[in-house]
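First the structure, in the form of structure tokens, and then the observations on it.
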Amino acid sequence: MRFSKQSVSSLQIPAGKPYHIEWDEVLPGFGVRINPTGKVWVVQYRAGGKSRRETIGRVDTVPLDAAREKAKKTLAKVQLGSDPHAEKAQAKARAKITFEAVAERYLKHAQDRLKPRSFEEVERHLKRHWQPLQGLPISEIRRALVANRLEEIAQQSGPVASNRARAALSALFAWAVAAGLAEANPVMGTMRVAVEVSREHVVTDEELAAIWRACRDDDHGRIIRLLLLTGQRRDEVGDMKWSEVDLGQALWIIPRERTKNGLTHEVPLSDAALHILQSIPRREGREFVFGEGQGGFSGWSKSKTRLDIRVAKGGAVLRLWRLHDLRRTTATRLGELGTLPHVIEAILNHISGHKAGVAGIYNRATYAREKREALDLWSKYIAGLTT
């Protein structure tokens, strides 16, 4: 039959048959199947030694010309050696390999290879910053999509967070390519949003004083000052819990679950640090010292930007800096004040240098007295700069 709109509409199922297929005289392999529930366009071909029949669409929704053109393209692929049925099956299989599924597999792989804190950071970036990709097939994630999302992350969470999210995603795709789950790494070729500060940056005394004075009597201001007074990491202070603090003993004990090296860490509190903590009103039913909601402090990037603006308004000129520089500055200044290297490492909870390797196995001293003396001395030094 030569298909036309009228000829197709007149087709009926012959008596006694469950369905009927009529083929087009113009394009062999193109037909219409008449079912009790309606009519559908079909295309039939032979590939890989097997006869295949595929549905193109319903007659009442797909016009004849469009259906014939679709059938023509399918038959042309077969003539050129392709197998449209196999391609569809592969496409369905690829669609099931979503970003979310690959991320879960990657995190299981990475958990045993990364330090606890590093793993938490990677997991947070993949599940939070790359959440819009969760339901997408991994094969459909392209460079343009990644680059656009990196700009969004920079606007919402800051440029450094964007860089960290980029690194986490790139590591995931590098693993996925090696595991045969992805064909390429779409992060390659995208730009880092921020030019990050060198890891050797140490804040000068003038800069330190300007930062201290620009801190307000709020969560972020208290955290910044505690970062300087204790030399601990940002998230260790930001996620501090009241159960970790003994105000009577002037001691902060960070549990092993929250330290980078997985070791419980005791931090002596100077009078200045103790005064900050004593000034914080406790909220009933909340275990975290800082922040709101379920976790500890959040909103680091915006708070840091506002702090820099206040510093500039105060007339100080600061080099580009980040919060981790305060930890490095504390360690550097302690050394200049005469604190011995092994005591500085104990304050920072580092397992390197004097406590690395075999020496670390036998040297279990916590240097509690030396740490307290050093941090008290450091506190007085800061007071001299800021009062």
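The chains in the structure tokens are called A, B, ... from first to last as shown; in each chain the residues are counted from 1, and the ligands are counted from 1 in the order shown.
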### Message
as a count of residues only, please: every residue in range 64-281 of chain A that a backbone DSSP assignment puts in alpha helix (DSSP H).
### Response
121
### Query
Contacts of Asn35 in chain A at 12 Å or less, counting only C-alpha atoms, minus same-chain residues fewer than 4 places along, as JSON, numbers by chain?
{"A": [11, 12, 13, 14, 17, 18, 19, 20, 21, 22, 39, 40, 41, 58, 59]}
### Query
Just asking: which residues within range 55-293 of chain A are strand (DSSP E or B) according to DSSP, as a ChimeraX atom specification?
/A:55-58,98,137,241,245-246,251-254,265-268,288
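Among the candidates A:Ala15, A:Leu229, A:Ala178, A:Ala210, the residue lying nearest to Ala331 in chain A is A:Leu229 (atoms considered: only C-alpha atoms).
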Each residue of range 252-302 of chain A lying at most 10 Å from range 136-160 of chain A should get a row with its shortest atom-to-atom pair and the distance in Å to one decimal, counting only C-alpha atoms; could you produce that, ordered by chain and increasing number, as a Markdown table?
```
| residue | atom | partner | partner_atom | distance |
| --- | --- | --- | --- | --- |
| A:Ser298 | CA | A:Ser157 | CA | 10.0 |
| A:Gly299 | CA | A:Ser157 | CA | 7.5 |
| A:Trp300 | CA | A:Ser157 | CA | 7.9 |
| A:Ser301 | CA | A:Gly158 | CA | 5.3 |
| A:Lys302 | CA | A:Gly158 | CA | 7.5 |
```
Please dump the current selection as an mmCIF file, in the first residue's frame; keep C-alpha atoms.
```
data_model
loop_
_atom_site.group_PDB
_atom_site.id
_atom_site.type_symbol
_atom_site.label_atom_id
_atom_site.label_comp_id
_atom_site.auth_asym_id
_atom_site.auth_seq_id
_atom_site.Cartn_x
_atom_site.Cartn_y
_atom_site.Cartn_z
ATOM 1 C CA SER A 298 27.964 28.329 58.330
ATOM 2 C CA GLY A 299 28.138 31.314 55.996
ATOM 3 C CA TRP A 300 31.928 31.538 56.083
ATOM 4 C CA SER A 301 32.388 33.293 52.758
ATOM 5 C CA LYS A 302 29.873 36.103 53.284
#
```
### Query
Using only C-alpha atoms, which residue out of A:Leu247, A:Leu169, A:Val32, A:Ile351 lies closest to Pro186 in chain A?
A:Leu169
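The spacing separating CA of Ile224 in chain A from CA of Ala273 in chain A amounts to 11.1 Å.
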Residue contacts of range 218-220 of chain A (10 Å, only C-alpha atoms) excluding same-chain residues fewer than 3 positions away, as a JSON list (two decimals) with C-alpha atoms, in the first residue's frame:
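Everything below was put into out12.json:
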```json
[["chain", "number", "residue", "atom", "x", "y", "z"],
["A", 215, "CYS", "CA", 35.76, 41.47, 64.59],
["A", 223, "ILE", "CA", 35.43, 32.41, 65.92],
["A", 224, "ILE", "CA", 38.10, 34.56, 64.22],
["A", 225, "ARG", "CA", 39.57, 35.56, 67.57],
["A", 226, "LEU", "CA", 39.52, 31.96, 68.83],
["A", 238, "GLY", "CA", 33.11, 26.51, 63.96],
["A", 280, "ILE", "CA", 28.49, 33.41, 74.74],
["A", 289, "VAL", "CA", 28.56, 26.82, 70.53],
["A", 290, "PHE", "CA", 28.25, 28.69, 67.24],
["A", 291, "GLY", "CA", 25.77, 28.86, 64.38],
["A", 292, "GLU", "CA", 22.12, 28.04, 64.01],
["A", 297, "PHE", "CA", 28.64, 27.76, 62.04],
["A", 298, "SER", "CA", 27.96, 28.33, 58.33],
["A", 299, "GLY", "CA", 28.14, 31.31, 56.00],
["A", 300, "TRP", "CA", 31.93, 31.54, 56.08],
["A", 303, "SER", "CA", 31.07, 36.71, 56.84],
["A", 304, "LYS", "CA", 34.69, 36.86, 55.67],
["A", 307, "LEU", "CA", 35.02, 41.36, 57.79]]
```
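When CA of Tyr106 in chain A is paired with CA of His125 in chain A, their separation reads 13.0 Å.
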